[in-house]
$ cat input16.tsv   # TSV, C-alpha atoms
chain	number	residue	atom	x	y	z
A	1	MET	CA	30.21	-9.77	0.12
A	2	ARG	CA	30.65	-6.58	2.13
A	3	LEU	CA	31.62	-4.54	-0.94
A	4	SER	CA	28.75	-5.83	-3.05
A	5	LEU	CA	26.24	-5.04	-0.30
A	6	GLN	CA	27.57	-1.52	0.04
A	7	ALA	CA	27.17	-1.04	-3.70
A	8	LEU	CA	23.61	-2.33	-3.47
A	9	LEU	CA	22.78	0.08	-0.65
A	10	ALA	CA	24.09	2.96	-2.73
A	11	CYS	CA	21.65	1.97	-5.49
A	12	LEU	CA	18.79	1.84	-3.02
A	13	PHE	CA	19.14	5.52	-2.22
A	14	LEU	CA	19.86	6.75	-5.75
A	15	LEU	CA	17.24	4.95	-7.83
A	16	PRO	CA	14.04	6.20	-6.14
A	17	LEU	CA	15.18	9.80	-6.70
A	18	SER	CA	15.82	9.29	-10.40
A	19	PHE	CA	12.36	7.74	-10.91
A	20	SER	CA	10.30	10.08	-8.73
A	21	SER	CA	9.32	12.43	-11.56
A	22	LYS	CA	7.64	9.62	-13.52
A	23	ALA	CA	5.35	8.79	-10.63
A	24	GLN	CA	3.96	12.33	-10.73
A	25	ASP	CA	2.94	11.99	-14.39
A	26	ALA	CA	0.55	9.08	-13.85
A	27	THR	CA	-3.13	9.77	-14.53
A	28	PRO	CA	-5.01	9.52	-11.20
A	29	ALA	CA	-7.61	6.79	-10.91
A	30	SER	CA	-10.96	7.68	-9.36
A	31	GLU	CA	-13.91	5.85	-7.84
A	32	THR	CA	-17.12	7.64	-6.86
A	33	LEU	CA	-19.73	6.63	-4.31
A	34	ILE	CA	-23.01	8.52	-3.86
A	35	SER	CA	-25.23	7.55	-0.94
A	36	SER	CA	-28.49	8.76	0.58
A	37	THR	CA	-28.85	9.82	4.20
A	38	THR	CA	-31.59	11.25	6.38
A	39	LEU	CA	-29.33	13.98	7.72
A	40	SER	CA	-29.08	17.60	6.69
A	41	LYS	CA	-25.94	19.08	5.19
A	42	GLN	CA	-25.17	20.83	8.48
A	43	ASP	CA	-25.50	17.65	10.55
A	44	GLN	CA	-23.38	15.70	8.08
A	45	TRP	CA	-20.69	18.36	8.19
A	46	HIS	CA	-20.59	18.13	11.97
A	47	ASN	CA	-20.36	14.35	11.76
A	48	LEU	CA	-17.68	14.56	9.07
A	49	ARG	CA	-15.48	16.80	11.21
A	50	ARG	CA	-15.96	14.46	14.14
A	51	TRP	CA	-15.14	11.44	11.98
A	52	VAL	CA	-11.85	13.00	10.86
A	53	ALA	CA	-10.91	13.75	14.47
A	54	LEU	CA	-11.64	10.18	15.58
A	55	THR	CA	-10.16	8.42	12.53
A	56	PHE	CA	-6.84	10.21	12.08
A	57	ASP	CA	-4.12	11.19	14.55
A	58	ASN	CA	-4.38	14.85	13.62
A	59	SER	CA	-6.24	17.19	11.28
A	60	ASN	CA	-3.23	17.63	8.96
A	61	VAL	CA	-4.90	15.14	6.63
A	62	ILE	CA	-7.42	17.84	5.67
A	63	ASP	CA	-5.99	19.45	2.54
A	64	MET	CA	-8.99	21.69	1.87
A	65	GLU	CA	-12.40	22.33	3.42
A	66	ASP	CA	-15.30	24.57	2.51
A	67	PRO	CA	-18.10	24.37	5.10
A	68	GLU	CA	-20.35	26.62	3.04
A	69	ARG	CA	-20.29	24.30	0.03
A	70	GLY	CA	-19.92	21.21	2.17
A	71	THR	CA	-16.69	19.97	0.58
A	72	MET	CA	-13.64	18.47	2.23
A	73	VAL	CA	-10.49	17.03	0.67
A	74	ILE	CA	-8.56	14.51	2.74
A	75	LYS	CA	-5.11	13.24	1.79
A	76	TRP	CA	-4.15	10.29	3.93
A	77	SER	CA	-1.30	7.83	4.11
A	78	CYS	CA	-0.49	4.83	6.28
A	79	PRO	CA	2.80	2.91	6.63
A	80	ILE	CA	2.67	-0.81	5.91
A	81	LYS	CA	5.01	-3.24	7.62
A	82	LEU	CA	6.64	-5.68	5.23
A	83	ASP	CA	8.74	-8.75	5.97
A	84	SER	CA	11.86	-7.12	4.59
A	85	GLU	CA	14.90	-5.44	6.12
A	86	CYS	CA	15.35	-2.96	3.28
A	87	ILE	CA	11.89	-2.27	1.85
A	88	GLY	CA	8.89	-0.52	3.33
A	89	ALA	CA	5.61	0.58	1.81
A	90	THR	CA	3.00	3.27	2.38
A	91	ALA	CA	-0.65	3.25	1.38
A	92	VAL	CA	-1.69	6.64	-0.03
A	93	SER	CA	-5.03	7.99	-1.21
A	94	THR	CA	-7.15	11.13	-1.54
A	95	TYR	CA	-10.80	11.43	-0.49
A	96	VAL	CA	-13.03	14.21	-1.78
A	97	ILE	CA	-16.21	14.34	0.30
A	98	ASP	CA	-19.24	16.48	-0.59
A	99	VAL	CA	-22.25	16.65	1.72
A	100	ARG	CA	-25.68	17.93	0.73
A	101	ASP	CA	-29.10	17.72	2.35
A	102	GLY	CA	-30.11	14.05	2.22
A	103	LYS	CA	-27.02	12.71	0.44
A	104	TYR	CA	-23.25	12.70	0.23
A	105	ARG	CA	-20.62	11.89	-2.37
A	106	LEU	CA	-17.24	10.28	-1.79
A	107	GLN	CA	-14.56	10.32	-4.49
A	108	ARG	CA	-11.48	8.17	-3.88
A	109	ILE	CA	-8.70	9.54	-6.08
A	110	ASN	CA	-5.38	7.97	-7.02
A	111	PRO	CA	-5.04	5.21	-4.40
A	112	ARG	CA	-1.52	3.88	-4.64
A	113	ILE	CA	1.35	2.14	-2.93
A	114	SER	CA	4.63	3.97	-2.44
A	115	PHE	CA	7.72	1.85	-1.81
A	116	GLN	CA	10.68	3.08	0.22
A	117	PHE	CA	14.18	1.69	0.67
A	118	SER	CA	16.11	1.87	3.92
A	119	ARG	CA	19.66	1.11	4.97
A	120	PRO	CA	20.01	-1.73	7.49
A	121	ASP	CA	21.79	-0.63	10.67
A	122	ILE	CA	24.78	-3.02	10.78
A	123	TYR	CA	25.07	-4.33	7.23
A	124	GLU	CA	28.81	-5.03	7.58
A	125	GLU	CA	28.01	-7.94	9.88
A	126	PHE	CA	25.39	-9.60	7.68
A	127	ASP	CA	26.00	-13.19	6.71
A	128	GLN	CA	25.69	-14.30	3.09
A	129	ALA	CA	22.12	-15.58	3.37
A	130	ARG	CA	20.91	-12.32	4.89
A	131	SER	CA	22.73	-10.23	2.29
A	132	GLU	CA	21.30	-12.31	-0.54
A	133	ARG	CA	17.78	-11.91	0.87
A	134	ILE	CA	18.15	-8.13	0.95
A	135	THR	CA	19.51	-8.14	-2.61
A	136	ALA	CA	16.62	-10.34	-3.79
A	137	ASP	CA	14.00	-8.08	-2.17
A	138	PHE	CA	15.43	-5.01	-3.85
A	139	ARG	CA	15.69	-6.71	-7.24
A	140	LEU	CA	12.08	-7.88	-6.94
A	141	ILE	CA	10.58	-4.42	-6.38
A	142	ASN	CA	12.98	-2.69	-8.76
A	143	GLY	CA	12.28	-5.29	-11.46
A	144	VAL	CA	8.49	-4.95	-11.22
A	145	ALA	CA	8.81	-1.16	-11.19
A	146	SER	CA	10.93	-1.24	-14.34
A	147	ARG	CA	8.77	-3.74	-16.24
A	148	MET	CA	5.27	-2.68	-15.22
A	149	PHE	CA	5.31	0.88	-13.85
A	150	GLU	CA	7.81	2.75	-16.03
A	151	GLY	CA	10.43	2.69	-13.30
A	152	SER	CA	8.21	4.34	-10.69
A	153	PHE	CA	8.14	3.14	-7.10
A	154	GLU	CA	4.59	4.45	-6.73
A	155	TRP	CA	2.22	1.77	-8.01
A	156	PRO	CA	-1.43	2.66	-8.67
A	157	ALA	CA	-3.96	0.37	-7.02
A	158	ASN	CA	-5.43	-0.74	-10.33
A	159	GLU	CA	-5.77	-3.70	-12.68
A	160	ARG	CA	-2.10	-3.65	-13.61
A	161	TYR	CA	-1.09	-4.16	-9.99
A	162	ASP	CA	-3.61	-7.01	-9.80
A	163	GLU	CA	-2.00	-8.58	-12.86
A	164	VAL	CA	1.41	-8.45	-11.17
A	165	ILE	CA	0.02	-10.19	-8.08
A	166	ASP	CA	-1.66	-12.84	-10.24
A	167	ALA	CA	1.62	-13.51	-12.06
A	168	TYR	CA	3.52	-14.09	-8.83
A	169	ARG	CA	0.68	-16.19	-7.43
A	170	GLU	CA	0.83	-18.34	-10.56
A	171	THR	CA	4.58	-18.71	-10.19
A	172	LEU	CA	4.06	-19.88	-6.62
A	173	ALA	CA	1.37	-22.35	-7.70
A	174	ASN	CA	3.70	-23.79	-10.35
A	175	THR	CA	6.63	-24.16	-7.95
A	176	GLY	CA	6.97	-27.46	-6.15
A	177	GLN	CA	6.79	-27.11	-2.38
A	178	TYR	CA	8.90	-30.25	-1.95
A	179	ARG	CA	11.66	-31.54	-4.18
A	180	THR	CA	11.11	-35.19	-3.35
A	181	GLU	CA	8.62	-37.39	-1.53
A	182	ARG	CA	11.20	-37.84	1.20
A	183	ASP	CA	11.33	-34.08	1.66
A	184	ARG	CA	7.54	-34.04	1.87
A	185	ASP	CA	7.59	-36.67	4.58
A	186	ARG	CA	10.21	-34.69	6.49
A	187	GLY	CA	8.40	-31.40	5.95
A	188	LYS	CA	11.44	-29.93	4.20
A	189	ILE	CA	10.17	-27.12	1.96
A	190	SER	CA	12.25	-26.30	-1.11
A	191	ASP	CA	14.20	-23.05	-1.32
A	192	GLU	CA	12.52	-22.31	-4.66
A	193	TRP	CA	9.06	-22.46	-3.10
A	194	LYS	CA	10.14	-20.31	-0.13
A	195	LYS	CA	11.46	-17.68	-2.54
A	196	ALA	CA	8.30	-17.75	-4.69
A	197	GLU	CA	6.08	-17.47	-1.61
A	198	ARG	CA	8.16	-14.59	-0.21
A	199	ASN	CA	7.99	-12.70	-3.50
A	200	TRP	CA	4.23	-13.14	-3.70
A	201	GLN	CA	3.77	-11.90	-0.13
A	202	LEU	CA	6.00	-8.85	-0.65
A	203	ILE	CA	4.08	-7.91	-3.79
A	204	ARG	CA	0.53	-8.55	-2.55
A	205	THR	CA	0.66	-7.37	1.08
A	206	PRO	CA	0.75	-3.61	0.32
A	207	LEU	CA	-2.22	-3.65	-2.06
A	208	THR	CA	-4.24	-5.99	0.15
A	209	THR	CA	-3.60	-3.75	3.15
A	210	LEU	CA	-4.54	-0.60	1.21
A	211	ARG	CA	-7.85	-2.12	0.14
A	212	GLN	CA	-8.61	-3.31	3.67
A	213	LEU	CA	-7.89	0.16	5.06
A	214	ASP	CA	-9.99	1.81	2.36
A	215	ALA	CA	-12.95	-0.52	2.89
A	216	ALA	CA	-12.85	0.02	6.66
A	217	MET	CA	-12.71	3.80	6.30
A	218	VAL	CA	-15.48	3.93	3.69
A	219	LYS	CA	-17.72	1.87	5.97
A	220	SER	CA	-16.83	4.03	8.97
A	221	LEU	CA	-17.49	7.24	7.01
A	222	ASP	CA	-20.84	5.94	5.76
A	223	ASP	CA	-21.90	5.11	9.31
A	224	ALA	CA	-20.82	8.56	10.50
A	225	LEU	CA	-22.68	10.48	7.79
A	226	LYS	CA	-25.86	8.51	8.47
A	227	HIS	CA	-25.70	8.62	12.27
A	228	ASN	CA	-28.36	10.80	13.89
A	229	ASP	CA	-27.06	11.80	17.31
A	230	ASP	CA	-30.14	13.24	18.99
A	231	PHE	CA	-28.46	13.54	22.40

$ encode --input "input16.tsv" --output "C-alpha cells"
Amino acid sequence: MRLSLQALLACLFLLPLSFSSKAQDATPASETLISSTTLSKQDQWHNLRRWVALTFDNSNVIDMEDPERGTMVIKWSCPIKLDSECIGATAVSTYVIDVRDGKYRLQRINPRISFQFSRPDIYEEFDQARSERITADFRLINGVASRMFEGSFEWPANERYDEVIDAYRETLANTGQYRTERDRDRGKISDEWKKAERNWQLIRTPLTTLRQLDAAMVKSLDDALKHNDDF
C-alpha cells in the first residue's frame, strides 16, 4: 500500500501542471449588474475605495484603477476548506466596477473554482482505509476534470458545473442509505451511501461557497455605493 500511495502522490503533483494551459483557454463568463444610486461619481469612488479596504485583507486585489474614469478592476480569490486530506479548492473571480453620477455597473467575469492537490505529511503511516479515501478523492476530481472540463482543474461556475452537481446528487438519491431493514433499525449506514454522499459534498461545496461569497460581496458593495455618509 505504501508504494501505491507514493505513486499516487507523484501523480497529484504532475497532472495539474500538464493541464494548466487548457484552463487558460476557456472563454470567460460574465454577468453584469447596473444599479441606480443617489450618490455622485466622486462619493461613490470614495465609498468604493473604503469598501475594498474593509472587505479585503489588503489592496493587492486591485488590478487596475482609474479614478478619473471611475473604473476599478478587482481580482479576488478565497481558499475553501474541503473535507479531504489531499484536495483543496479556491474560489476565484474578477469584478469590474464603473461608477458614474447616479449609477454604477458591476461586471463579474470568469468566476471559477480552482482545485489544488497537496501531499499529506506522514503518508507512510496511513492505514488502508485512509489511503483508499485519499485515492478516491483524487480520482473523483481528476475524473470530473477529464470528462467535463477538458482535463482542467479550474472549473467555471456555470451550467456545466451545475450539471455535474446534479449528477452526483442523483447518484446519492438512488443509493440506498441502508442495506437492510435491520441496518436501518441499528442506524448502520451503507458504505456505498457514505461514498456517494462524500462525493456529492466534495463536488458541490466549492461552487456553493463561491456563490455565497459572491452574493455577500455584491450585497455589501451595493450598500456601500448607495450609502450617503453625511458625517

$ closest_residue --input "input16.tsv" --among "A:Thr175, A:Thr55, A:Asn47, A:Ser30" --to "Asp229 in chain A" --atoms "all atoms listed in the file"
A:Asn47

$ closest_residue --input "input16.tsv" --among "A:Ala89, A:Cys78, A:Leu172, A:Leu221" --to "Asp57 in chain A" --atoms "only C-alpha atoms"
A:Cys78

$ closest_residue --input "input16.tsv" --among "A:Ile165, A:Leu82, A:Ala157, A:Leu202" --to "Arg139 in chain A" --atoms "only C-alpha atoms"
A:Leu202

$ closest_residue --input "input16.tsv" --among "A:Ala224, A:Leu210, A:Ile203, A:Leu33" --to "Val52 in chain A" --atoms "only C-alpha atoms"
A:Ala224

$ closest_residue --input "input16.tsv" --among "A:Tyr178, A:Trp193, A:Trp45, A:Tyr161" --to "Val99 in chain A" --atoms "all atoms listed in the file"
A:Trp45

$ closest_residue --input "input16.tsv" --among "A:Thr209, A:Thr180, A:Ser146, A:Asn174" --to "Arg112 in chain A" --atoms "only C-alpha atoms"
A:Thr209

$ residues_near_point --input "input16.tsv" --point "(3.1, 7.9, 2.6)" --cutoff "9 Å" --atoms "all atoms listed in the file" --output "list in words"
Trp76, Ser77, Cys78, Pro79, Ala89, Thr90, Ala91, Val92, Ser93, Ile113, Ser114 and Phe115 of chain A

$ atom_distance --input "input16.tsv" --atom1 "CA of Lys81 in chain A" --atom2 "CA of Leu207 in chain A"
12.1 Å
